[in-house]
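target-v2.cif (mmCIF, C-alpha atoms)
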```
data_entry
loop_
_atom_site.label_atom_id
_atom_site.label_comp_id
_atom_site.auth_asym_id
_atom_site.auth_seq_id
_atom_site.Cartn_x
_atom_site.Cartn_y
_atom_site.Cartn_z
CA MET A 1 4.41 14.54 -11.09
CA SER A 2 6.20 16.44 -13.80
CA VAL A 3 6.86 17.15 -17.46
CA TRP A 4 10.49 17.49 -18.55
CA GLN A 5 12.29 18.00 -21.84
CA GLU A 6 15.81 17.56 -23.25
CA PRO A 7 17.36 17.59 -26.71
CA ILE A 8 18.06 14.16 -28.19
CA PRO A 9 21.86 13.89 -28.59
CA SER A 10 23.20 13.77 -32.14
CA LEU A 11 19.79 14.35 -33.67
CA THR A 12 19.39 17.97 -34.72
CA GLY A 13 15.96 19.44 -34.10
CA ALA A 14 14.75 16.50 -32.00
CA TRP A 15 13.54 16.73 -28.42
CA LEU A 16 12.59 14.13 -25.86
CA ILE A 17 9.65 15.04 -23.60
CA GLY A 18 9.02 12.94 -20.52
CA VAL A 19 5.80 12.82 -18.54
CA GLN A 20 5.62 11.43 -15.03
CA GLY A 21 2.24 11.08 -13.33
CA ARG A 22 -1.38 11.53 -14.35
CA LEU A 23 -2.06 12.89 -17.81
CA ASP A 24 -5.35 14.54 -16.86
CA HIS A 25 -6.18 17.99 -15.52
CA THR A 26 -3.05 17.70 -13.42
CA LEU A 27 -0.41 17.52 -16.15
CA SER A 28 -2.12 18.08 -19.50
CA PRO A 29 -1.86 21.90 -19.35
CA THR A 30 1.88 21.67 -18.62
CA LEU A 31 2.46 19.12 -21.37
CA GLU A 32 0.41 21.17 -23.82
CA ALA A 33 2.45 24.29 -23.05
CA THR A 34 5.71 22.35 -23.42
CA LEU A 35 4.73 20.82 -26.76
CA ASN A 36 3.42 24.15 -28.08
CA GLN A 37 6.63 25.90 -27.09
CA LEU A 38 8.79 23.32 -28.88
CA LEU A 39 6.59 23.35 -31.98
CA ALA A 40 6.72 27.16 -32.04
CA GLN A 41 10.52 26.82 -32.25
CA GLN A 42 10.04 24.71 -35.39
CA THR A 43 11.33 21.59 -33.64
CA MET A 44 11.30 18.83 -36.25
CA HIS A 45 10.84 15.76 -34.09
CA LEU A 46 9.10 15.45 -30.73
CA LEU A 47 9.39 12.12 -28.92
CA VAL A 48 7.00 11.91 -25.98
CA ASP A 49 7.89 9.20 -23.48
CA LEU A 50 4.75 8.06 -21.65
CA ALA A 51 6.40 5.19 -19.73
CA GLU A 52 5.80 6.90 -16.39
CA VAL A 53 2.24 8.00 -17.13
CA THR A 54 -0.04 6.17 -14.73
CA TYR A 55 -3.36 7.47 -16.08
CA ILE A 56 -4.75 9.31 -19.10
CA ASN A 57 -8.17 10.80 -19.82
CA SER A 58 -9.73 12.45 -22.87
CA GLY A 59 -8.04 15.75 -21.94
CA GLY A 60 -4.63 14.06 -22.11
CA LEU A 61 -5.50 12.49 -25.45
CA ARG A 62 -6.74 15.86 -26.74
CA CYS A 63 -3.45 17.49 -25.74
CA LEU A 64 -1.41 14.89 -27.65
CA VAL A 65 -3.64 14.97 -30.74
CA SER A 66 -3.56 18.77 -30.84
CA ALA A 67 0.24 18.64 -30.88
CA TRP A 68 0.16 15.93 -33.56
CA ARG A 69 -2.10 18.12 -35.69
CA LYS A 70 0.11 21.20 -35.35
CA ALA A 71 3.17 19.10 -36.14
CA GLN A 72 1.52 17.72 -39.27
CA GLN A 73 0.67 21.22 -40.44
CA GLN A 74 4.26 22.45 -40.16
CA GLY A 75 6.04 19.31 -41.35
CA SER A 76 7.19 18.17 -37.92
CA SER A 77 6.46 14.88 -36.17
CA VAL A 78 5.17 13.72 -32.79
CA THR A 79 6.18 10.18 -31.87
CA LEU A 80 5.16 8.33 -28.70
CA CYS A 81 6.78 5.54 -26.71
CA GLY A 82 6.43 3.55 -23.52
CA LEU A 83 2.64 3.19 -23.28
CA ASN A 84 1.63 0.73 -20.58
CA GLY A 85 -1.21 -1.73 -21.11
CA ARG A 86 -3.93 0.63 -19.91
CA LEU A 87 -2.78 3.47 -22.13
CA GLN A 88 -2.57 1.07 -25.08
CA GLU A 89 -6.16 0.01 -24.37
CA ILE A 90 -7.38 3.62 -24.34
CA PHE A 91 -5.44 4.60 -27.46
CA GLY A 92 -6.77 1.54 -29.28
CA MET A 93 -10.34 2.21 -28.20
CA VAL A 94 -10.35 5.58 -29.97
CA GLY A 95 -8.09 4.61 -32.87
CA PHE A 96 -5.26 6.91 -31.83
CA ASP A 97 -2.86 3.97 -32.04
CA ARG A 98 -3.29 4.46 -35.80
CA VAL A 99 -2.81 8.22 -35.67
CA PHE A 100 0.50 8.16 -33.82
CA VAL A 101 3.67 6.27 -34.53
CA ILE A 102 4.21 4.43 -31.23
CA TYR A 103 7.28 2.48 -30.09
CA PRO A 104 7.42 0.14 -27.09
CA SER A 105 10.44 1.84 -25.56
CA ARG A 106 12.41 5.08 -25.67
CA ALA A 107 15.48 3.23 -26.96
CA GLU A 108 13.57 1.77 -29.89
CA ALA A 109 11.98 5.12 -30.70
CA GLN A 110 15.30 6.93 -30.65
CA ALA A 111 16.91 4.25 -32.82
CA ALA A 112 14.07 4.59 -35.33
CA LEU A 113 14.37 8.39 -35.36
CA HIS A 114 18.13 8.17 -35.99
CA THR A 115 17.51 5.75 -38.85
CA ALA A 116 14.78 7.90 -40.38
CA VAL A 117 16.72 11.18 -40.32
CA MET B 118 -25.92 -3.18 0.19
CA ALA B 119 -23.63 -0.24 1.00
CA ASN B 120 -24.61 3.26 0.00
CA THR B 121 -22.37 6.31 0.31
CA VAL B 122 -22.56 9.95 -0.80
CA LEU B 123 -20.05 12.73 -1.57
CA THR B 124 -20.91 16.32 -2.53
CA VAL B 125 -18.22 18.71 -3.83
CA PRO B 126 -18.05 21.99 -5.78
CA GLY B 127 -17.88 21.59 -9.56
CA ARG B 128 -14.18 22.27 -10.03
CA TYR B 129 -11.44 20.37 -11.84
CA ASP B 130 -9.36 20.15 -8.67
CA GLN B 131 -12.21 18.23 -7.04
CA ILE B 132 -12.28 15.47 -9.64
CA GLN B 133 -9.47 13.47 -8.09
CA LYS B 134 -11.33 13.57 -4.77
CA ILE B 135 -14.45 12.24 -6.48
CA VAL B 136 -12.46 9.59 -8.33
CA ALA B 137 -10.73 8.46 -5.13
CA PHE B 138 -14.11 8.18 -3.43
CA VAL B 139 -15.64 6.16 -6.27
CA THR B 140 -12.68 3.85 -6.84
CA GLN B 141 -12.62 3.02 -3.14
CA GLY B 142 -16.21 1.92 -3.53
CA ALA B 143 -15.39 -0.04 -6.67
CA ARG B 144 -12.64 -1.82 -4.76
CA GLU B 145 -15.07 -2.62 -1.94
CA ALA B 146 -17.47 -3.99 -4.54
CA GLY B 147 -14.82 -6.46 -5.66
CA LEU B 148 -14.07 -5.12 -9.12
CA ASP B 149 -10.66 -6.12 -10.49
CA GLU B 150 -7.96 -3.50 -11.14
CA ASP B 151 -8.78 -3.15 -14.85
CA ALA B 152 -12.45 -2.57 -14.07
CA ILE B 153 -11.54 -0.07 -11.34
CA PHE B 154 -9.49 1.84 -13.92
CA HIS B 155 -12.54 1.89 -16.21
CA VAL B 156 -14.70 3.23 -13.37
CA GLU B 157 -12.07 5.86 -12.62
CA LEU B 158 -11.89 7.02 -16.24
CA CYS B 159 -15.66 7.12 -16.76
CA CYS B 160 -16.26 8.97 -13.48
CA ASP B 161 -13.53 11.48 -14.43
CA GLU B 162 -15.05 12.00 -17.88
CA ALA B 163 -18.57 12.40 -16.47
CA CYS B 164 -17.47 15.03 -13.95
CA THR B 165 -15.40 16.85 -16.59
CA ASN B 166 -18.46 16.97 -18.85
CA ILE B 167 -20.56 18.38 -16.01
CA ILE B 168 -18.09 21.19 -15.37
CA GLU B 169 -17.46 21.92 -19.08
CA HIS B 170 -20.94 21.49 -20.51
CA ALA B 171 -23.65 21.34 -17.84
CA TYR B 172 -22.22 24.17 -15.74
CA GLY B 173 -20.15 25.82 -18.47
CA GLY B 174 -17.27 26.48 -16.09
CA GLU B 175 -15.90 25.94 -12.61
CA ASP B 176 -17.61 26.89 -9.34
CA VAL B 177 -21.02 27.25 -10.94
CA GLY B 178 -22.68 24.39 -9.04
CA MET B 179 -22.20 21.25 -7.01
CA ILE B 180 -21.56 17.66 -8.05
CA ARG B 181 -23.13 14.91 -5.96
CA VAL B 182 -21.78 11.39 -6.25
CA ARG B 183 -23.25 8.29 -4.69
CA TYR B 184 -22.46 4.65 -5.14
CA GLU B 185 -24.12 1.37 -4.33
CA LEU B 186 -22.58 -2.05 -3.97
CA LEU B 187 -25.01 -4.41 -5.63
CA ALA B 188 -24.85 -8.18 -5.46
CA ASP B 189 -23.35 -8.49 -8.93
CA ALA B 190 -22.32 -4.94 -9.86
CA PHE B 191 -21.01 -1.54 -8.85
CA LYS B 192 -23.41 1.35 -9.41
CA MET B 193 -22.48 5.05 -9.35
CA ILE B 194 -24.94 7.92 -9.51
CA ILE B 195 -23.61 11.36 -10.46
CA GLN B 196 -25.90 14.41 -10.19
CA ASP B 197 -25.69 18.10 -11.01
CA ASN B 198 -27.99 21.09 -11.47
CA GLY B 199 -26.56 22.36 -14.73
CA ARG B 200 -28.04 22.54 -18.20
CA PRO B 201 -30.02 19.43 -19.20
CA PHE B 202 -27.89 16.93 -21.06
CA ASP B 203 -29.22 14.86 -23.93
CA PRO B 204 -26.66 12.23 -24.96
CA ASP B 205 -28.53 11.67 -28.22
CA GLN B 206 -27.44 15.16 -29.29
CA VAL B 207 -23.79 14.10 -29.06
CA PRO B 208 -22.73 12.27 -32.22
CA PRO B 209 -20.36 9.34 -31.77
CA PRO B 210 -16.77 10.41 -32.40
CA SER B 211 -15.49 9.83 -35.93
CA LEU B 212 -12.59 7.58 -35.10
CA PRO B 213 -9.75 6.70 -37.46
CA THR B 214 -9.88 3.17 -38.84
CA VAL B 215 -6.84 2.86 -41.12
CA PRO B 216 -3.11 3.09 -40.45
CA ALA B 217 -1.47 6.50 -40.12
CA ASN B 218 0.08 8.01 -43.23
CA SER B 219 -2.61 6.50 -45.42
CA ALA B 220 -3.82 9.15 -47.83
CA ALA B 221 -7.03 7.15 -48.19
CA ASP B 222 -8.53 8.36 -44.93
CA SER B 223 -8.98 12.09 -44.74
CA THR B 224 -10.30 11.81 -41.15
CA LEU B 225 -6.74 11.18 -40.03
CA SER B 226 -5.74 14.68 -40.92
CA GLN B 227 -8.38 15.91 -38.49
CA PRO B 228 -8.77 13.22 -35.82
CA GLN B 229 -11.91 13.77 -33.78
CA ILE B 230 -11.15 15.07 -30.32
CA GLY B 231 -14.64 15.83 -29.02
CA GLY B 232 -17.14 13.39 -27.55
CA LEU B 233 -14.48 11.01 -26.29
CA GLY B 234 -15.70 11.03 -22.70
CA LEU B 235 -19.14 9.79 -23.67
CA HIS B 236 -17.53 7.25 -25.99
CA PHE B 237 -15.49 5.84 -23.09
CA MET B 238 -18.57 5.63 -20.88
CA ARG B 239 -20.52 3.73 -23.51
CA LYS B 240 -17.63 1.38 -24.25
CA LEU B 241 -16.42 0.68 -20.72
CA MET B 242 -19.59 0.60 -18.62
CA ASP B 243 -22.26 -2.10 -18.77
CA GLU B 244 -25.08 0.41 -18.37
CA VAL B 245 -25.21 4.20 -18.85
CA GLN B 246 -28.42 6.11 -18.20
CA PHE B 247 -28.97 9.88 -18.35
CA SER B 248 -32.08 11.58 -16.99
CA PHE B 249 -33.27 15.08 -16.15
CA ASN B 250 -36.11 15.92 -13.77
CA ALA B 251 -38.45 18.89 -13.36
CA GLY B 252 -36.47 20.03 -10.34
CA GLY B 253 -33.55 20.90 -12.62
CA GLU B 254 -31.40 17.92 -11.74
CA ASN B 255 -29.30 15.88 -14.16
CA THR B 256 -28.70 12.29 -13.09
CA LEU B 257 -26.19 9.93 -14.65
CA ILE B 258 -26.23 6.29 -13.57
CA MET B 259 -23.34 4.04 -14.60
CA ILE B 260 -23.14 0.36 -13.76
CA LYS B 261 -20.11 -1.92 -13.99
CA LYS B 262 -20.80 -5.60 -13.48
CA LEU B 263 -18.52 -7.80 -11.44
CA ALA B 264 -16.34 -10.50 -12.97
CA THR B 265 -17.56 -10.42 -16.57
CA GLY B 266 -16.19 -6.88 -17.06
CA GLY B 267 -18.87 -5.76 -19.50
CA ASN B 268 -17.81 -4.56 -22.92
CA SER B 269 -14.18 -4.03 -22.01
#
```
Can you present the structure in this file as structure tokens?
Amino acid sequence: MSVWQEPIPSLTGAWLIGVQGRLDHTLSPTLEATLNQLLAQQTMHLLVDLAEVTYINSGGLRCLVSAWRKAQQQGSSVTLCGLNGRLQEIFGMVGFDRVFVIYPSRAEAQAALHTAV
Amino acid sequence: MANTVLTVPGRYDQIQKIVAFVTQGAREAGLDEDAIFHVELCCDEACTNIIEHAYGGEDVGMIRVRYELLADAFKMIIQDNGRPFDPDQVPPPSLPTVPANSAADSTLSQPQIGGLGLHFMRKLMDEVQFSFNAGGENTLIMIKKLATGGNS
């Protein structure tokens, strides 16, 4: 279980954040710290890949929405990709699929970011 | 009818133990994998609420979890000795209803992030009952029916 980060090649100010495991009390604090650190550096685009997230609870959602809110306030963006069927169900149930821009895969998200910038 | 009990300290690092215990029971009851995930999430949210709100922190009190395998449903009973909880005092979350980037919905600039746990319980379980007795005990009963999958 881990949270990792790396700059997105050829896209200035964009970072890819990967999450592997359960996005609950186990990983949410680490993800929150990672996102806060990147936003504090005025990172323009954060792409969070959730393809390897096996579970999410309200704490995980809260962590992502808090980052989305901070990003909105400073003119940055938080984009998500790779949600499995269960995560899609949970996001849809609380309307967060309308808050976030979500792509099916990392490749599609990165292509969209390159096009948009 | 099977009937099993687990008692643990009210700490976040105990929630996975509780969830593992309950989902094993849900599997024994014959719930499908989607329904087991719903049980897992609702049990997690209930225990988180107990620690955060009923006890107001970790290691303040115990959480007792019991489940029953009914003929047509899985029933879990979660108890604590924290502050009484009245679900009617928790407003339903104000959830966004229009696409992102729409200036028409001001709620999107401040998406609601409280009350989600209770929202999941009400949406994903077939029955949710809260009670509080004179002995200072909160009891939450959640029932997930077999096969039909409730509201999910």
**Distance criterion (all atoms listed in the file): nearest to Ile102 of chain A out of A:Ala116, A:Val48, A:Leu11, A:Leu61** = A:Val48
**Prompt:** Once the PyMOL selection byres ((chain B and resi 130-132) around 12) has been applied to the shown file, what residues remain in the selection, as a PyMOL selection string?
**Reply:** (chain A and resi 24-27+57) or (chain B and resi 123-129+133-140+157-168+175-176+179-182)
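The environment of Pro29 of chain A within 12 Å, counting only C-alpha atoms and disregarding residues fewer than 2 places along the same chain, consists of Ser2, Val3, Val19, Arg22, Leu23, Asp24, His25, Thr26, Leu27, Leu31, Glu32, Ala33, Thr34, Leu35, Asn36, Gly59, Gly60, Leu61, Arg62, Cys63 and Leu64 of chain A.
Minimum atom-to-atom distance to Phe202 of chain B, evaluated using only C-alpha atoms, belongs to B:His170 out of B:Arg183, B:His236, B:His170, B:Arg144.
Minimum distance to Gln20 of chain A across A:Gln37, A:Pro7, A:Asp49, A:Phe96 (counting only C-alpha atoms) occurs at A:Asp49.
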**Item:** Residue neighbourhood Glu244 of chain B, 10 Å, only C-alpha atoms, exclusion window fewer than 3 positions, as a list in words
**Value:** Lys192, Met238, Arg239, Lys240, Leu241, Ile258, Met259, Ile260, Lys261, Lys262, Gly267 and Asn268 of chain B
Hey, could you make a per-residue contact list for chain A against chain B with 6 Å as the cut-off, showing the nearest pair of atoms and its distance in Å to one decimal, counting only C-alpha atoms, sorted by chain and number, as a Markdown table?
```
| residue | atom | partner | partner_atom | distance |
| --- | --- | --- | --- | --- |
| A:Arg62 | CA | B:Ile230 | CA | 5.7 |
| A:Val94 | CA | B:Leu212 | CA | 5.9 |
| A:Gly95 | CA | B:Pro213 | CA | 5.3 |
| A:Arg98 | CA | B:Pro216 | CA | 4.9 |
| A:Val99 | CA | B:Ala217 | CA | 5.0 |
```
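For the atom pair formed by atom CA of Gly18 of chain A and atom CA of Gly92 of chain A, the distance is 21.4 Å, given to one decimal.
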Restore N, CA and C atoms in segment 88-102 of chain A and list the result as a PDB file, in the frame of the given file.
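Written out: selection-v8.pdb:
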```pdb
ATOM      1  N   GLN A  88      -2.382   1.716 -23.769  1.00  0.00           N
ATOM      2  CA  GLN A  88      -2.570   1.070 -25.080  1.00  0.00           C
ATOM      3  C   GLN A  88      -4.049   0.771 -25.302  1.00  0.00           C
ATOM      4  N   GLU A  89      -4.727   0.310 -24.258  1.00  0.00           N
ATOM      5  CA  GLU A  89      -6.160   0.010 -24.370  1.00  0.00           C
ATOM      6  C   GLU A  89      -6.949   1.264 -24.758  1.00  0.00           C
ATOM      7  N   ILE A  90      -6.649   2.377 -24.084  1.00  0.00           N
ATOM      8  CA  ILE A  90      -7.380   3.620 -24.340  1.00  0.00           C
ATOM      9  C   ILE A  90      -7.072   4.156 -25.742  1.00  0.00           C
ATOM     10  N   PHE A  91      -5.804   4.139 -26.112  1.00  0.00           N
ATOM     11  CA  PHE A  91      -5.440   4.600 -27.460  1.00  0.00           C
ATOM     12  C   PHE A  91      -6.131   3.735 -28.520  1.00  0.00           C
ATOM     13  N   GLY A  92      -6.140   2.431 -28.305  1.00  0.00           N
ATOM     14  CA  GLY A  92      -6.770   1.540 -29.280  1.00  0.00           C
ATOM     15  C   GLY A  92      -8.268   1.740 -29.359  1.00  0.00           C
ATOM     16  N   MET A  93      -8.886   2.038 -28.236  1.00  0.00           N
ATOM     17  CA  MET A  93     -10.340   2.210 -28.200  1.00  0.00           C
ATOM     18  C   MET A  93     -10.812   3.393 -29.041  1.00  0.00           C
ATOM     19  N   VAL A  94      -9.964   4.406 -29.186  1.00  0.00           N
ATOM     20  CA  VAL A  94     -10.350   5.580 -29.970  1.00  0.00           C
ATOM     21  C   VAL A  94      -9.582   5.678 -31.294  1.00  0.00           C
ATOM     22  N   GLY A  95      -8.796   4.644 -31.591  1.00  0.00           N
ATOM     23  CA  GLY A  95      -8.090   4.610 -32.870  1.00  0.00           C
ATOM     24  C   GLY A  95      -6.854   5.488 -32.940  1.00  0.00           C
ATOM     25  N   PHE A  96      -6.427   6.038 -31.803  1.00  0.00           N
ATOM     26  CA  PHE A  96      -5.260   6.910 -31.830  1.00  0.00           C
ATOM     27  C   PHE A  96      -3.958   6.111 -31.964  1.00  0.00           C
ATOM     28  N   ASP A  97      -4.042   4.791 -31.776  1.00  0.00           N
ATOM     29  CA  ASP A  97      -2.860   3.970 -32.040  1.00  0.00           C
ATOM     30  C   ASP A  97      -2.561   3.924 -33.534  1.00  0.00           C
ATOM     31  N   ARG A  98      -3.526   4.383 -34.350  1.00  0.00           N
ATOM     32  CA  ARG A  98      -3.290   4.460 -35.800  1.00  0.00           C
ATOM     33  C   ARG A  98      -2.933   5.873 -36.234  1.00  0.00           C
ATOM     34  N   VAL A  99      -3.181   6.836 -35.357  1.00  0.00           N
ATOM     35  CA  VAL A  99      -2.810   8.220 -35.670  1.00  0.00           C
ATOM     36  C   VAL A  99      -1.327   8.432 -35.398  1.00  0.00           C
ATOM     37  N   PHE A 100      -0.887   7.937 -34.233  1.00  0.00           N
ATOM     38  CA  PHE A 100       0.500   8.160 -33.820  1.00  0.00           C
ATOM     39  C   PHE A 100       1.390   6.985 -34.232  1.00  0.00           C
ATOM     40  N   VAL A 101       2.645   7.313 -34.473  1.00  0.00           N
ATOM     41  CA  VAL A 101       3.670   6.270 -34.530  1.00  0.00           C
ATOM     42  C   VAL A 101       4.092   6.018 -33.084  1.00  0.00           C
ATOM     43  N   ILE A 102       3.965   4.758 -32.637  1.00  0.00           N
ATOM     44  CA  ILE A 102       4.210   4.430 -31.230  1.00  0.00           C
ATOM     45  C   ILE A 102       5.245   3.305 -31.142  1.00  0.00           C
TER      46      ILE A 102
END
```
